[in-house]
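Asker: Please see the structure below; I have some questions.
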Amino acid sequence: MEMEIVEKITNGDRRAAAKLITLVENNFSQAQDILKKIYNYTGNALVIGITGPPGSGKSTVTDKITKILRGQGKTVGIIAIDPTSPFTGGALLGDRIRMQDLSLDKGVFIRSMSTRGHLGGLSQATQATVKILDALGKDVIFIETVGVGQSEVDIVKVADTVVLISMPGMGDDIQIIKAGIMEIGDIFVINKADKEGYERLATEIEMMLDLNQNKRWRPPVLKTIATDNVGIKELLKEINRHIEYLKESGELEQRRRESVKKEMFDLIQEQWKEILSTFIDNGFLNKIVTKIVKREEDPYTAVEKLSNILVHSYTKGGVKSDRKD
Ligand SMILES: Nc1nc2c(ncn2[C@@H]2O[C@H](COP(=O)(O)OP(=O)(O)O)[C@@H](O)[C@H]2O)c(=O)[nH]1
Ligand SMILES: [Mg+2]
């Protein structure tokens, strides 16, 4: 069954891909056995992160770029990560409707992921989904995510190129961009340039970028009106220019190495969490807690000892309550 699903995905079977993504979301450890086998078929897609505040036009921009790419014969995967959707467990209704015509296109695979309910962590699930779409044969994969908070930043860091979308009239929202994600943007887009305040925002962003001198790549600041398809071609041109830069400078490999490191770190953490909950039983833990509460031992020493025991006994079947520490 595993081999079958691998074969299906690498042959472009969308349903098989969708099934595996669901497995990734619901039962990561089970999905891992299949992910192991598809890894060899990945590494071909370009991954583009689209991030920015809610309502700035991320989905609209993604939709328009996708249409150009489709016109060039390229296939596209879109992973929309939605932090808010309380009831659908997927994309906001607006996204669905906006991207409906795309979802009829067999060359486009759209998947929305809820930020909730990922046992193995959202970042891990996203990385796995990128691989699945890559193995499915998608040339370009977009990750759309709201750029607030560290976890969002972590997610978008797996992308080769990060497009940061803002819009005029955000008021102090510019602070959010400054605080969290300014340094991860490779390309800055001011969307809704039909609205008042474009010039001021552009100046502010340019000024912030000026402070960041030690970069070999100076992020361009672009102007779009996504709903009218204005500036989208230019954006795609800049994305391609950035990819070229990444390749020539060796930064593409560097970024992918960082991304693998991060993924490994995530996986190790998750695995150890699992080990901890499986291998330390409650009776054993209670004994230690009693000692700590009675001030017979401090929690720091107790954890140090515990870690040592865990490392040594992991392969021998775990730490049981009858064990002496
Ligand atoms: N006026 C104007 N509205 C836009 C533009 N781009 C997107 N919108 C609208 O802004 C709203 C939010 O866009 P959406 O792409 O869903 O934003 P997201 O939340 O960042 O994905 C939608 O109603 C869009 O139609 C633009 O360039 N100008
Ligand atoms: Mg959206």
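All residue names refer to the structure tokens as shown: chains lettered A, B, ... in order, residues numbered from 1 in each chain, ligands numbered from 1 in order.
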7 Å from ligand 1 is the threshold here; counting only C-alpha atoms and all ligand atoms, which polymer residues fall inside it? Answer as a list in words.
Answerer: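 Those residues are Gly52, Pro53, Pro54, Gly55, Ser56, Gly57, Lys58, Ser59, Thr60, Val61, Gly94, Asp95, Asn191, Lys192, Ala193, Asp194, Lys195, Thr224, Ile225, Ala226, Thr227 and Asp228 of chain A.
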Asker: So that I can see what lies close to Ile110 in chain A, please list as a PyMOL selection string the residues with an atom at most 7 Å from it, counting only C-alpha atoms and leaving out residues fewer than 2 positions away in the same chain.
Answerer: chain A and resi 77-79+103+108+112
Asker: For a quick check of understanding, using only C-alpha atoms, which of A:Val293, A:Val158, A:Ile5, A:Leu310 has the smallest distance to Val260 in chain A?
Answerer: A:Val158
Asker: Skipping near chain neighbours, those fewer than 2 positions away, what residues fall within 9 Å of range 206-209 of chain A using only C-alpha atoms, listed as a ChimeraX atom specification?
Answerer: /A:178,182-183,201-204,211-213,218-221
Asker: Taking the chain letters and numbering used in this document, name the residues of range 1-136 of chain A that DSSP puts in strand (DSSP E), as a PyMOL selection string.
Answerer: chain A and resi 46-52+76-82+108-114
Asker: Between A:Asn282, A:Thr22, A:Gln271, A:Ser249, which has the minimum distance to Ala128 in chain A (counting only C-alpha atoms)?
Answerer: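 Between A:Asn282, A:Thr22, A:Gln271, A:Ser249, the residue approaching Ala128 in chain A most closely is A:Thr22.
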Asker: Quick one: pull the distance between CA of Tyr198 in chain A and CA of Pro168 in chain A, Å, one decimal.
Answerer: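 Atom-to-atom, CA of Tyr198 in chain A to CA of Pro168 in chain A, that is 5.2 Å.
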Asker: Please identify all polymer residues within 10 Å of Gly73 in chain A, counting only C-alpha atoms, omitting same-chain residues fewer than 5 positions from it, and present them as a list in words.
Answerer: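 In the requested format, the answer is Lys67, Ile68, Gly107 and Asp139 of chain A.
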